[in-house]
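Working notes for the structure below.
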Amino acid sequence: MRHPSVVLLDLGLPPQPASPEEGLAILSELTALDRLTKIVVITGQGEKETALRAIGAGAYDFLVKPVDPEELKFLLKRCFHVVQLEREFRDLQQMIQGDAFEGMLGASPPMRTVFDSIRKVATTDVPILILGESGTGKEMVAKAIHQRGARKDGPFVAINCSAIPETLLESELFGHEKGAFTGAHMQRKGRIETASGGTLFLDEIGEIPLPLQVKLLRFLQEQCIERVGGRQEIPIDARVIAATNADLKKNMAGGTFREDLYYRLAVVQILMPPLRDREGDARVLAQAFLQRFAAQSNKSGLSFDREAMRALNNHSWPGNVRELENCVRRAVIMAEGKRVTVQDLELLATSSAANLATLKDAREAVEREMVQRTLRKHSGKIAPAAAELGISRPTLYELMEKLGIARE
Ligand SMILES: Nc1ncnc2c1ncn2[C@@H]1O[C@H](COP(=O)(O)OP(=O)(O)O)[C@@H](O)[C@H]1O
Ligand SMILES: [Mg+2]
C-alpha cells in the first residue's frame, strides 16, 4: 500500500457536506495509517473551532477557504520538506534500534525472510548453502549464523576456494604432514582442522576442483579428515557453511560439480536477494555507511542531498552492497561542505534528467556530468581528460567555460 506524503483534506464531505464529522473521521484513519503523513485540512470561513479540532486530531496545518494559491504552494512545499526529513530520521532510528541483525542492515521483506532463516538455522547443526550474487552479504550471513549458534565461542574460519591456486588448496584445507611433498618442511594443520569446535565457511564452493570435492564429501559424511601425506584419521567437529554465486545446478549438469556433494551441502539453502530487489534498503544502507565513513574521516554532519538520495535509490547496484559501500566511501572523500551530491557519488542523476524541460538542458546536464567526472578521474588534467572524452583540448576548454566548470 502506498502511503501518501502529503494530503489535502476538505473536511466537508458527503454524506453531510455541511458537517466536518466525515472529514475528521478520515483524518484519524490517515494519521493511524502513517503518522508521518502531513495532512492539511481545508475549512470554511468562521470554522476556527473545527480547524483546531483537526489540529488536535493530528492535522499538520489548516487553510481557510477561499484558498490562496501562493499560500497553498508555500505550505505544500514545507510539508514535503518536513516529511522527507522525518522519514530520513525514522530510517536512521530504525537502523540504530536493532533493525540491524548481527551488523546486517535491511528492512525490506526479502531481507526479513533472510533474517528469519538465519534465526531458524542458527541453533541447528545442518550444513547451509548460501546462494547469491557477489556483494550481497553471503559472508555476513555465514558469520551471523555462527554468532547465533552453539559454536559462537569457537573459531569462524573462512576460506575462499577461488582465491587459492588449485595445487595449494588441498593442503590449505586438509593440512599436511612433514615431508608430504617438496617444500613441506613441517607438519601443518589445515583450515578444516582449525575450524574444529567452530564454523568452517567455504566461500566460492563452485570453484573446488573435482578431486577435492571427493575428499570434501568424505569429510562431510564421516566428520574425519586425513592430512596430506598422513595416515591418521583426525575427527573434526565443525559446522559447515558454503557459499557461491555460481549456478551449481548448471555445474552439475556440465559435470564440474558432484551431485552427491551438492545434496550434502545444500540441506538448507539461503537465497540472498540482489540489492535492487530490496525496496528501500539502498537508502538505509547508504545512510549507515555515510555515518560510518564520515565519522572515520572526521566529517560528521554529512548528509545526502535530495538528488543524491534519488540516484542512490534508482541505481541498479550490479555490485550490490559492496558497490554501494565503496561508492559512499569515495563520496565521503570527495564531498565538499555538508552535502553529498550525485557528482560525489559518481552516479548519473537519471531521474533529474527526465525532469529537465528542454533537450538543451538535458544535453548540458549530461555534458556537465561527464566533463566533471572525467576531470576528477584525471585529477583535473586537461589533456588526458580531453583524450578520454574524444574531443580536442580547446573544445574541452570551451565546454568548461560554457558549463561554468572551473579549472582546478
Ligand atoms: N545487509 C548488510 N548490511 C550492512 N553491510 C552489508 C550488508 N550486506 C553486505 N554488507 C557489506 O558489504 C560487503 C560485501 O559483503 P560480503 O558478505 O562479503 O558479500 P559476498 O560474500 O556476498 O560477496 C561487506 O563489506 C559487508 O560488510
Ligand atoms: Mg564473499
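Following the order of the C-alpha cells, chains are lettered A, B, ..., residues in each are numbered from 1, and ligands are numbered from 1.
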
Taking only C-alpha atoms and all ligand atoms into account, which residues have an atom no farther than 7 Å from ligand 1? I'd like them as a short mmCIF file (atom, residue, chain, number, x, y, z; two decimals) with all heavy atoms, in the first residue's frame.
```
data_model
loop_
_atom_site.label_atom_id
_atom_site.label_comp_id
_atom_site.auth_asym_id
_atom_site.auth_seq_id
_atom_site.Cartn_x
_atom_site.Cartn_y
_atom_site.Cartn_z
N GLY A 103 24.83 -6.87 12.70
CA GLY A 103 25.53 -5.92 11.82
C GLY A 103 24.94 -5.84 10.42
O GLY A 103 25.34 -5.00 9.63
N MET A 104 23.99 -6.72 10.10
CA MET A 104 23.38 -6.66 8.77
C MET A 104 22.19 -5.72 8.78
O MET A 104 21.30 -5.87 9.61
CB MET A 104 22.87 -8.03 8.35
CG MET A 104 23.94 -9.07 8.25
SD MET A 104 23.29 -10.49 7.36
CE MET A 104 23.35 -9.88 5.69
N LEU A 105 22.17 -4.80 7.84
CA LEU A 105 21.07 -3.85 7.78
C LEU A 105 20.10 -4.25 6.70
O LEU A 105 20.47 -4.84 5.70
CB LEU A 105 21.62 -2.45 7.48
CG LEU A 105 22.71 -1.98 8.43
CD1 LEU A 105 23.27 -0.66 7.96
CD2 LEU A 105 22.15 -1.86 9.82
N GLY A 106 18.85 -3.85 6.90
CA GLY A 106 17.85 -4.11 5.88
C GLY A 106 16.49 -4.26 6.53
O GLY A 106 16.38 -4.91 7.58
N GLY A 132 23.88 -16.43 -3.96
CA GLY A 132 23.58 -15.03 -4.26
C GLY A 132 24.71 -14.38 -5.02
O GLY A 132 25.85 -14.85 -5.01
N GLU A 133 24.38 -13.28 -5.67
CA GLU A 133 25.38 -12.53 -6.44
C GLU A 133 26.49 -12.03 -5.53
O GLU A 133 26.31 -11.95 -4.31
CB GLU A 133 24.70 -11.32 -7.11
CG GLU A 133 23.70 -11.69 -8.17
CD GLU A 133 22.99 -10.45 -8.74
OE1 GLU A 133 23.43 -9.32 -8.47
OE2 GLU A 133 22.00 -10.65 -9.46
N SER A 134 27.57 -11.66 -6.14
CA SER A 134 28.70 -11.12 -5.39
C SER A 134 28.31 -9.81 -4.69
O SER A 134 27.60 -8.99 -5.26
CB SER A 134 29.85 -10.88 -6.37
OG SER A 134 30.96 -10.44 -5.66
N GLY A 135 28.73 -9.66 -3.45
CA GLY A 135 28.47 -8.42 -2.73
C GLY A 135 27.12 -8.35 -2.05
O GLY A 135 26.74 -7.31 -1.52
N THR A 136 26.37 -9.45 -2.04
CA THR A 136 25.04 -9.41 -1.42
C THR A 136 25.08 -9.68 0.09
O THR A 136 24.07 -9.55 0.76
CB THR A 136 24.08 -10.45 -2.06
OG1 THR A 136 24.76 -11.70 -2.15
CG2 THR A 136 23.63 -10.02 -3.43
N GLY A 137 26.26 -10.06 0.59
CA GLY A 137 26.38 -10.26 2.04
C GLY A 137 26.41 -11.71 2.47
O GLY A 137 26.07 -12.03 3.60
N LYS A 138 26.88 -12.60 1.58
CA LYS A 138 26.88 -14.03 1.90
C LYS A 138 27.78 -14.33 3.10
O LYS A 138 27.42 -15.10 3.98
CB LYS A 138 27.31 -14.85 0.68
CG LYS A 138 26.35 -14.69 -0.50
CD LYS A 138 26.68 -15.64 -1.64
CE LYS A 138 27.98 -15.31 -2.35
NZ LYS A 138 27.95 -14.00 -3.04
N GLU A 139 28.93 -13.68 3.12
CA GLU A 139 29.85 -13.94 4.23
C GLU A 139 29.27 -13.41 5.55
O GLU A 139 29.42 -14.01 6.61
CB GLU A 139 31.22 -13.30 3.95
CG GLU A 139 32.23 -13.61 5.02
CD GLU A 139 33.68 -13.56 4.53
OE1 GLU A 139 33.89 -13.38 3.31
OE2 GLU A 139 34.58 -13.71 5.36
N MET A 140 28.59 -12.26 5.46
CA MET A 140 27.96 -11.72 6.67
C MET A 140 26.91 -12.68 7.22
O MET A 140 26.79 -12.84 8.43
CB MET A 140 27.27 -10.39 6.35
CG MET A 140 28.21 -9.21 6.34
SD MET A 140 27.27 -7.68 6.48
CE MET A 140 27.66 -7.19 8.16
N VAL A 141 26.16 -13.30 6.32
CA VAL A 141 25.14 -14.27 6.76
C VAL A 141 25.82 -15.44 7.46
O VAL A 141 25.39 -15.88 8.53
CB VAL A 141 24.30 -14.76 5.56
CG1 VAL A 141 23.44 -15.94 5.95
CG2 VAL A 141 23.44 -13.63 5.03
N LEU A 285 21.04 1.55 3.87
CA LEU A 285 22.45 1.18 3.87
C LEU A 285 23.33 2.39 3.59
O LEU A 285 24.35 2.61 4.25
CB LEU A 285 22.71 0.10 2.82
CG LEU A 285 22.26 -1.31 3.19
CD1 LEU A 285 22.10 -2.17 1.96
CD2 LEU A 285 23.26 -1.95 4.16
N VAL A 321 25.73 -4.69 -2.28
CA VAL A 321 26.08 -3.87 -1.11
C VAL A 321 27.55 -3.43 -1.16
O VAL A 321 27.89 -2.33 -0.76
CB VAL A 321 25.80 -4.61 0.21
CG1 VAL A 321 26.06 -3.71 1.39
CG2 VAL A 321 24.36 -5.10 0.23
N ARG A 322 28.40 -4.31 -1.69
CA ARG A 322 29.82 -3.95 -1.76
C ARG A 322 30.01 -2.70 -2.62
O ARG A 322 30.76 -1.80 -2.26
CB ARG A 322 30.65 -5.12 -2.29
CG ARG A 322 32.15 -4.80 -2.29
CD ARG A 322 33.01 -5.98 -2.71
NE ARG A 322 32.97 -7.07 -1.75
CZ ARG A 322 32.44 -8.25 -1.98
NH1 ARG A 322 31.91 -8.50 -3.17
NH2 ARG A 322 32.44 -9.19 -1.07
N GLU A 325 28.72 0.37 -0.76
CA GLU A 325 29.65 0.72 0.30
C GLU A 325 30.84 1.50 -0.26
O GLU A 325 31.22 2.56 0.26
CB GLU A 325 30.12 -0.58 0.98
CG GLU A 325 30.91 -0.38 2.25
CD GLU A 325 31.24 -1.71 2.94
OE1 GLU A 325 30.85 -2.79 2.43
OE2 GLU A 325 31.90 -1.68 3.98
#
```

Can you check which residues of range 158-194 of chain A DSSP gives as strand (DSSP E or B) on the backbone and send them as a list of chain:residue names?
-> A:Ala158, A:Ile159, A:Asn160, A:Gly175, A:His176, A:Arg188, A:Lys189

Do a neighbour search on range 116-127 of chain A at 8 Å with only C-alpha atoms, toss out local chain neighbours closer than 4 positions, and write the hits as a list of chain:residue names.
->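 Non-adjacent residues within range: A:Arg112, A:Val141, A:Ala144, A:Ile145, A:His146, A:Arg148, A:Gly149, A:Ala150, A:Arg239, A:Val240, A:Ile241, A:Ala242, A:Arg264, A:Leu265, A:Ala266, A:Val267, A:Val268, A:Ile270.
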
Go through range 9-90 of chain A residue by residue and, counting only C-alpha atoms, keep those with an atom at most 12 Å from range 286-293 of chain A; for each kept residue give the shortest atom pair and its distance in Å to one decimal, ordered by chain and increasing number, as JSON lines.
```
{"residue": "A:Arg87", "atom": "CA", "partner": "A:Gln287", "partner_atom": "CA", "distance": 12.0}
{"residue": "A:Glu88", "atom": "CA", "partner": "A:Gln287", "partner_atom": "CA", "distance": 8.5}
{"residue": "A:Phe89", "atom": "CA", "partner": "A:Gln287", "partner_atom": "CA", "distance": 10.0}
{"residue": "A:Arg90", "atom": "CA", "partner": "A:Gln287", "partner_atom": "CA", "distance": 11.4}
```

Do you know which residues are at most 12 Å from range 378-386 of chain A counting only C-alpha atoms, after dropping those on the same chain fewer than 3 positions away, and could you put them as an NGL selection string?
-> :A and (334 or 370-375 or 389-400 or 405-408)

Preceding selection exported with N, CA and C atoms as a PDB file, in the first residue's frame:
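Ended up saving to selection-v7.pdb:
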```pdb
ATOM      1  N   MET A 334      35.172  12.742  -1.490  1.00  0.00           N
ATOM      2  CA  MET A 334      35.016  13.793  -2.496  1.00  0.00           C
ATOM      3  C   MET A 334      34.192  14.990  -2.003  1.00  0.00           C
ATOM      4  N   MET A 370      29.609  14.352 -17.412  1.00  0.00           N
ATOM      5  CA  MET A 370      30.750  13.615 -17.976  1.00  0.00           C
ATOM      6  C   MET A 370      32.037  14.398 -17.859  1.00  0.00           C
ATOM      7  N   VAL A 371      31.968  15.695 -18.098  1.00  0.00           N
ATOM      8  CA  VAL A 371      33.186  16.507 -18.021  1.00  0.00           C
ATOM      9  C   VAL A 371      33.721  16.494 -16.591  1.00  0.00           C
ATOM     10  N   GLN A 372      32.836  16.706 -15.630  1.00  0.00           N
ATOM     11  CA  GLN A 372      33.290  16.741 -14.239  1.00  0.00           C
ATOM     12  C   GLN A 372      33.874  15.399 -13.815  1.00  0.00           C
ATOM     13  N   ARG A 373      33.165  14.349 -14.187  1.00  0.00           N
ATOM     14  CA  ARG A 373      33.620  13.026 -13.775  1.00  0.00           C
ATOM     15  C   ARG A 373      34.998  12.710 -14.371  1.00  0.00           C
ATOM     16  N   THR A 374      35.152  13.028 -15.680  1.00  0.00           N
ATOM     17  CA  THR A 374      36.411  12.700 -16.342  1.00  0.00           C
ATOM     18  C   THR A 374      37.559  13.551 -15.797  1.00  0.00           C
ATOM     19  N   LEU A 375      37.256  14.829 -15.542  1.00  0.00           N
ATOM     20  CA  LEU A 375      38.303  15.688 -14.971  1.00  0.00           C
ATOM     21  C   LEU A 375      38.741  15.158 -13.606  1.00  0.00           C
ATOM     22  N   LEU A 389      37.468  11.915 -23.405  1.00  0.00           N
ATOM     23  CA  LEU A 389      36.151  12.363 -23.861  1.00  0.00           C
ATOM     24  C   LEU A 389      36.046  12.381 -25.386  1.00  0.00           C
ATOM     25  N   GLY A 390      37.199  12.192 -26.047  1.00  0.00           N
ATOM     26  CA  GLY A 390      37.190  12.166 -27.502  1.00  0.00           C
ATOM     27  C   GLY A 390      37.028  13.540 -28.129  1.00  0.00           C
ATOM     28  N   ILE A 391      37.521  14.583 -27.437  1.00  0.00           N
ATOM     29  CA  ILE A 391      37.470  15.933 -28.009  1.00  0.00           C
ATOM     30  C   ILE A 391      38.848  16.565 -27.883  1.00  0.00           C
ATOM     31  N   SER A 392      39.046  17.685 -28.590  1.00  0.00           N
ATOM     32  CA  SER A 392      40.356  18.342 -28.520  1.00  0.00           C
ATOM     33  C   SER A 392      40.443  19.162 -27.238  1.00  0.00           C
ATOM     34  N   ARG A 393      41.642  19.567 -26.886  1.00  0.00           N
ATOM     35  CA  ARG A 393      41.808  20.365 -25.673  1.00  0.00           C
ATOM     36  C   ARG A 393      41.059  21.687 -25.745  1.00  0.00           C
ATOM     37  N   PRO A 394      41.215  22.435 -26.881  1.00  0.00           N
ATOM     38  CA  PRO A 394      40.466  23.707 -26.944  1.00  0.00           C
ATOM     39  C   PRO A 394      38.963  23.495 -26.801  1.00  0.00           C
ATOM     40  N   THR A 395      38.435  22.400 -27.390  1.00  0.00           N
ATOM     41  CA  THR A 395      36.998  22.129 -27.265  1.00  0.00           C
ATOM     42  C   THR A 395      36.620  21.893 -25.807  1.00  0.00           C
ATOM     43  N   LEU A 396      37.488  21.183 -25.095  1.00  0.00           N
ATOM     44  CA  LEU A 396      37.201  20.935 -23.681  1.00  0.00           C
ATOM     45  C   LEU A 396      37.193  22.244 -22.892  1.00  0.00           C
ATOM     46  N   TYR A 397      38.170  23.113 -23.207  1.00  0.00           N
ATOM     47  CA  TYR A 397      38.198  24.423 -22.528  1.00  0.00           C
ATOM     48  C   TYR A 397      36.895  25.180 -22.778  1.00  0.00           C
ATOM     49  N   GLU A 398      36.487  25.179 -24.057  1.00  0.00           N
ATOM     50  CA  GLU A 398      35.237  25.880 -24.416  1.00  0.00           C
ATOM     51  C   GLU A 398      34.040  25.324 -23.654  1.00  0.00           C
ATOM     52  N   LEU A 399      33.992  24.001 -23.624  1.00  0.00           N
ATOM     53  CA  LEU A 399      32.894  23.319 -22.964  1.00  0.00           C
ATOM     54  C   LEU A 399      32.859  23.690 -21.474  1.00  0.00           C
ATOM     55  N   MET A 400      34.027  23.694 -20.848  1.00  0.00           N
ATOM     56  CA  MET A 400      34.097  24.019 -19.426  1.00  0.00           C
ATOM     57  C   MET A 400      33.633  25.447 -19.177  1.00  0.00           C
ATOM     58  N   ILE A 405      32.390  25.321 -15.491  1.00  0.00           N
ATOM     59  CA  ILE A 405      33.210  24.431 -14.660  1.00  0.00           C
ATOM     60  C   ILE A 405      34.588  25.064 -14.519  1.00  0.00           C
ATOM     61  N   ALA A 406      34.981  25.289 -13.280  1.00  0.00           N
ATOM     62  CA  ALA A 406      36.255  25.959 -13.041  1.00  0.00           C
ATOM     63  C   ALA A 406      37.414  24.999 -13.218  1.00  0.00           C
ATOM     64  N   ARG A 407      38.547  25.530 -13.639  1.00  0.00           N
ATOM     65  CA  ARG A 407      39.754  24.701 -13.692  1.00  0.00           C
ATOM     66  C   ARG A 407      40.318  24.597 -12.285  1.00  0.00           C
ATOM     67  N   GLU A 408      40.826  23.417 -11.959  1.00  0.00           N
ATOM     68  CA  GLU A 408      41.382  23.255 -10.597  1.00  0.00           C
ATOM     69  C   GLU A 408      42.758  23.865 -10.536  1.00  0.00           C
TER      70      GLU A 408
END
```
